[in-house]
>>> print(open('query14.txt').read())   # compact mmCIF, C-alpha atoms
# COMPACT_ATOMS: atom_id res chain seq x y z
CA MET E 189 -22.22 74.52 45.56
CA SER E 190 -21.31 71.35 47.38
CA GLU E 191 -21.60 71.14 51.12
CA VAL E 192 -19.35 69.58 53.73
CA ALA E 193 -20.56 68.15 57.06
CA ASP E 194 -18.56 69.00 60.15
CA SER E 195 -18.26 66.90 63.32
CA GLU E 196 -21.54 68.26 64.76
CA ASN E 197 -23.53 67.29 61.62
CA ARG E 198 -24.04 70.87 60.51
CA THR E 199 -23.61 71.50 56.84
CA LEU E 200 -21.20 74.20 55.75
CA PRO E 201 -20.79 75.52 52.24
CA HIS E 202 -17.72 74.14 50.49
CA VAL E 203 -15.20 76.84 49.59
CA PRO E 204 -12.47 75.71 47.22
CA GLU E 205 -9.00 76.19 48.66
CA THR E 206 -6.71 78.47 46.68
CA PRO E 207 -3.39 79.95 47.69
CA ALA E 208 -3.78 83.49 49.00
CA ASP E 209 -1.07 84.78 46.68
CA SER E 210 -2.15 82.99 43.51
CA HIS E 211 -2.51 86.31 41.71
CA GLY E 212 0.62 87.96 43.16
CA GLU E 213 -1.30 89.44 46.07
CA ASP E 214 -1.98 88.28 49.58
CA ALA E 215 -5.33 88.39 51.34
CA SER E 216 -4.96 92.09 52.22
CA ASN E 217 -4.50 93.11 48.56
CA GLU E 218 -0.98 94.36 49.29
CA PRO E 219 1.64 93.58 46.65
CA THR E 220 3.92 90.72 47.58
CA ALA E 221 7.68 90.65 47.17
CA GLN E 222 7.13 88.73 43.95
CA SER E 223 5.25 91.63 42.37
CA VAL E 224 7.95 94.24 43.06
CA PRO E 225 9.93 94.90 39.85
CA LYS E 226 13.42 93.45 40.09
CA TRP E 227 15.58 96.09 38.36
CA PRO E 228 14.55 99.15 40.36
CA PHE E 229 15.01 97.10 43.54
CA ARG E 230 18.45 95.88 42.46
CA LEU E 231 19.63 99.30 41.31
CA THR E 232 18.48 100.88 44.56
CA ARG E 233 20.42 98.32 46.57
CA VAL E 234 23.58 98.91 44.51
CA MET E 235 23.17 102.68 44.81
CA VAL E 236 22.82 102.50 48.59
CA CYS E 237 25.81 100.16 48.84
CA LEU E 238 27.93 102.62 46.82
CA THR E 239 26.68 105.76 48.57
CA TRP E 240 28.14 104.77 51.93
CA PRO E 241 31.70 104.48 50.51
CA LEU E 242 31.07 107.72 48.61
CA ILE E 243 30.35 109.49 51.91
CA TRP E 244 33.36 107.81 53.51
CA VAL E 245 35.70 108.92 50.69
CA GLY E 246 34.17 112.40 50.92
CA GLY E 247 35.14 112.37 54.57
CA LEU E 248 38.70 111.48 53.54
CA VAL E 249 38.69 114.42 51.14
CA THR E 250 37.80 116.69 54.06
CA THR E 251 40.15 115.01 56.53
CA TYR E 252 43.17 115.30 54.23
CA ASP E 253 42.12 118.79 53.07
CA ALA E 254 42.10 117.50 49.49
CA GLY E 255 38.98 119.37 48.42
CA MET E 256 40.92 121.75 46.21
CA SER E 257 43.55 119.30 44.95
CA VAL E 258 41.68 119.30 41.62
CA PRO E 259 41.00 122.98 40.93
CA ASP E 260 38.57 122.60 38.03
CA TRP E 261 35.12 121.12 37.66
CA PRO E 262 33.44 119.17 36.07
CA GLY E 263 36.70 117.99 34.55
CA THR E 264 40.00 117.05 36.13
CA TYR E 265 42.97 119.22 35.08
CA GLY E 266 41.34 119.89 31.72
CA TYR E 267 40.52 116.23 31.07
CA ASN E 268 37.05 114.76 30.91
CA LEU E 269 36.33 113.31 34.35
CA LEU E 270 36.11 109.78 32.96
CA LEU E 271 39.16 110.10 30.69
CA TYR E 272 41.72 111.36 33.21
CA PRO E 273 44.90 109.22 32.84
CA LEU E 274 44.74 106.25 35.17
CA SER E 275 48.48 106.24 35.93
CA THR E 276 48.43 109.91 36.95
CA TRP E 277 45.44 109.33 39.17
CA LEU E 278 46.61 106.09 40.82
CA PHE E 279 50.29 106.98 41.23
CA GLY E 280 49.96 110.72 41.78
CA PRO E 281 49.64 112.51 45.11
CA PHE E 282 47.26 110.97 47.65
CA ASP E 283 45.04 114.05 47.79
CA LEU E 284 44.54 113.89 44.01
CA PHE E 285 43.77 110.17 44.33
CA ILE E 286 41.02 110.61 46.90
CA GLU E 287 39.49 113.75 45.34
CA HIS E 288 39.32 112.29 41.84
CA GLY E 289 38.17 108.95 43.28
CA HIS E 290 35.37 110.75 45.13
CA ARG E 291 34.27 112.37 41.87
CA LEU E 292 34.37 109.07 39.97
CA LEU E 293 32.38 107.28 42.65
CA ALA E 294 29.86 110.14 42.65
CA ALA E 295 29.53 109.88 38.87
CA LEU E 296 28.88 106.15 39.22
CA VAL E 297 26.13 106.78 41.78
CA GLY E 298 24.68 109.38 39.40
CA PHE E 299 24.65 106.93 36.48
CA ILE E 300 22.93 104.34 38.68
CA ALA E 301 20.33 106.95 39.66
CA ILE E 302 19.66 107.58 35.95
CA GLY E 303 19.29 103.84 35.42
CA LEU E 304 16.93 103.67 38.40
CA VAL E 305 14.63 106.29 36.89
CA ILE E 306 14.62 104.51 33.52
CA ALA E 307 13.95 101.12 35.14
CA SER E 308 11.21 102.60 37.31
CA LEU E 309 9.49 104.26 34.37
CA ASN E 310 9.57 100.99 32.43
CA THR E 311 8.55 98.52 35.14
CA GLU E 312 6.98 100.25 38.15
CA LYS E 313 3.24 100.53 38.57
CA ARG E 314 3.46 102.38 41.87
CA ARG E 315 3.53 106.11 41.13
CA TRP E 316 5.16 106.94 44.47
CA ALA E 317 8.10 104.67 43.60
CA ILE E 318 8.57 106.41 40.26
CA GLY E 319 8.37 109.80 41.98
CA LEU E 320 10.90 108.73 44.60
CA SER E 321 13.34 107.56 41.91
CA VAL E 322 13.05 110.96 40.21
CA LEU E 323 13.59 112.66 43.58
CA VAL E 324 16.73 110.55 44.14
CA LEU E 325 18.06 111.56 40.71
CA ALA E 326 17.34 115.24 41.40
CA ALA E 327 19.09 114.93 44.77
CA VAL E 328 22.22 113.35 43.30
CA ILE E 329 22.36 116.00 40.57
CA GLY E 330 21.92 118.74 43.19
CA GLN E 331 24.65 117.21 45.34
CA GLY E 332 27.00 117.08 42.33
CA VAL E 333 26.32 120.72 41.46
CA LEU E 334 26.85 121.67 45.11
CA GLY E 335 30.23 119.88 45.11
CA GLY E 336 31.16 121.55 41.83
CA LEU E 337 30.23 124.99 43.12
CA ARG E 338 32.38 124.32 46.17
CA VAL E 339 35.34 123.81 43.83
CA THR E 340 34.66 126.64 41.38
CA LEU E 341 33.83 129.18 44.09
CA SER E 342 36.41 127.81 46.56
CA ALA E 343 33.85 128.15 49.34
CA ARG E 344 34.34 126.16 52.54
CA THR E 345 30.76 126.84 53.59
CA LEU E 346 29.56 124.98 50.52
CA ALA E 347 31.90 122.12 51.46
CA MET E 348 30.18 121.85 54.84
CA ILE E 349 26.72 121.92 53.26
CA HIS E 350 27.85 119.34 50.69
CA GLY E 351 29.08 117.12 53.51
CA CYS E 352 25.75 117.35 55.35
CA VAL E 353 23.60 116.67 52.29
CA GLY E 354 25.42 113.40 51.53
CA PRO E 355 23.95 111.45 54.46
CA ALA E 356 20.54 112.96 53.72
CA PHE E 357 20.84 111.59 50.18
CA LEU E 358 21.70 108.17 51.60
CA CYS E 359 18.52 108.26 53.70
CA CYS E 360 16.48 109.28 50.66
CA ALA E 361 17.97 106.45 48.61
>>> encode(input="query14.txt", output="structure tokens")
Amino acid sequence: MSEVADSENRTLPHVPETPADSHGEDASNEPTAQSVPKWPFRLTRVMVCLTWPLIWVGGLVTTYDAGMSVPDWPGTYGYNLLLYPLSTWLFGPFDLFIEHGHRLLAALVGFIAIGLVIASLNTEKRRWAIGLSVLVLAAVIGQGVLGGLRVTLSARTLAMIHGCVGPAFLCCA
């Protein structure tokens, strides 16, 4: 090992300089932002950004008393949720527009949660992150079933619970 003399003529061992994050980790062995998988991070951000409008539209459903404007679930007037005619939805009554829109937005958040679990299983090394993605998926499924039971049972109490669980899901996400 070579030695280097300092200003007081003491010899110090020479330590080669290397960047602290040359292996994707800093000096404290914590993962850096570069080592976090991109797709789970991106999907989580999109899901959070869509969950806030989902809660907002859910509030419109409650405000306009549109919760029972679509009397069946999981479909919409006998149609598959995703195949309901666009013209009927967009140009129909406002309560139908916001209720069906709430369901479509919820389905989109659910599909993103499925994608998050798949991306986490394929790219994540942190077990807690995989577990949290599975928890988020279970929460969005539970919230969807709770909303569906509110419609099929026509229970206002379930509507209130459904409305309280939405922000809790946002915090979990």
>>> residues_near_point(input="query14.txt", point="(12.0, 111.3, 40.0)", cutoff="12 Å", atoms="only C-alpha atoms", output="list in words")
Ala301, Ile302, Gly303, Leu304, Val305, Ile306, Ala307, Ser308, Leu309, Arg315, Trp316, Ala317, Ile318, Gly319, Leu320, Ser321, Val322, Leu323, Val324, Leu325, Ala326, Ala327, Val328, Ile329, Cys360 and Ala361 of chain E
>>> atom_distance(input="query14.txt", atom1="CA of Thr345 in chain E", atom2="CA of Tyr272 in chain E")
27.8 Å
>>> atom_distance(input="query14.txt", atom1="CA of Asn268 in chain E", atom2="CA of Leu358 in chain E")
26.6 Å
>>> residues_around(input="query14.txt", residues="Val234 in chain E", least_positions_apart="4", cutoff="9 Å", atoms="all atoms listed in the file", output="compact mmCIF listing (two decimals) with C-alpha atoms, in the coordinates of the input")
# COMPACT_ATOMS: atom_id res chain seq x y z
CA PHE E 229 15.01 97.10 43.54
CA ARG E 230 18.45 95.88 42.46
CA LEU E 238 27.93 102.62 46.82
CA THR E 239 26.68 105.76 48.57
CA VAL E 297 26.13 106.78 41.78
CA ILE E 300 22.93 104.34 38.68
>>> atom_distance(input="query14.txt", atom1="CA of Leu334 in chain E", atom2="CA of Trp261 in chain E")
11.1 Å
>>> residues_around(input="query14.txt", residues="Pro355 in chain E", least_positions_apart="2", cutoff="12 Å", atoms="all atoms listed in the file", output="PDB file with C-alpha atoms, in the frame of the given file")
ATOM      1  CA  VAL E 236      22.820 102.500  48.590  1.00  0.00           C
ATOM      2  CA  THR E 239      26.680 105.760  48.570  1.00  0.00           C
ATOM      3  CA  TRP E 240      28.140 104.770  51.930  1.00  0.00           C
ATOM      4  CA  PRO E 241      31.700 104.480  50.510  1.00  0.00           C
ATOM      5  CA  LEU E 242      31.070 107.720  48.610  1.00  0.00           C
ATOM      6  CA  ILE E 243      30.350 109.490  51.910  1.00  0.00           C
ATOM      7  CA  TRP E 244      33.360 107.810  53.510  1.00  0.00           C
ATOM      8  CA  GLY E 246      34.170 112.400  50.920  1.00  0.00           C
ATOM      9  CA  GLY E 247      35.140 112.370  54.570  1.00  0.00           C
ATOM     10  CA  ALA E 327      19.090 114.930  44.770  1.00  0.00           C
ATOM     11  CA  VAL E 328      22.220 113.350  43.300  1.00  0.00           C
ATOM     12  CA  GLN E 331      24.650 117.210  45.340  1.00  0.00           C
ATOM     13  CA  ILE E 349      26.720 121.920  53.260  1.00  0.00           C
ATOM     14  CA  HIS E 350      27.850 119.340  50.690  1.00  0.00           C
ATOM     15  CA  GLY E 351      29.080 117.120  53.510  1.00  0.00           C
ATOM     16  CA  CYS E 352      25.750 117.350  55.350  1.00  0.00           C
ATOM     17  CA  VAL E 353      23.600 116.670  52.290  1.00  0.00           C
ATOM     18  CA  PHE E 357      20.840 111.590  50.180  1.00  0.00           C
ATOM     19  CA  LEU E 358      21.700 108.170  51.600  1.00  0.00           C
ATOM     20  CA  CYS E 359      18.520 108.260  53.700  1.00  0.00           C
ATOM     21  CA  CYS E 360      16.480 109.280  50.660  1.00  0.00           C
ATOM     22  CA  ALA E 361      17.970 106.450  48.610  1.00  0.00           C
TER      23      ALA E 361
END
>>> closest_residue(input="query14.txt", among="E:Leu278, E:Ala295, E:Ala356, E:Ala254", to="Val333 in chain E", atoms="only C-alpha atoms")
E:Ala295
>>> closest_residue(input="query14.txt", among="E:Glu312, E:Leu293, E:Ser275, E:Pro262", to="Gly335 in chain E", atoms="only C-alpha atoms")
E:Pro262
>>> closest_residue(input="query14.txt", among="E:Pro228, E:Gly298, E:Gly255, E:Gly263", to="Phe282 in chain E", atoms="only C-alpha atoms")
E:Gly255
>>> closest_residue(input="query14.txt", among="E:Leu341, E:Leu296, E:Leu284, E:Leu346", to="Ser257 in chain E", atoms="only C-alpha atoms")
E:Leu284
>>> residues_around(input="query14.txt", residues="range 249-252 of chain E", least_positions_apart="6", cutoff="8 Å", atoms="only C-alpha atoms", output="ChimeraX atom specification")
/E:283,286-287,290
>>> closest_residue(input="query14.txt", among="E:Val245, E:Leu271, E:Thr276, E:Arg338", to="Gly289 in chain E", atoms="only C-alpha atoms")
E:Val245
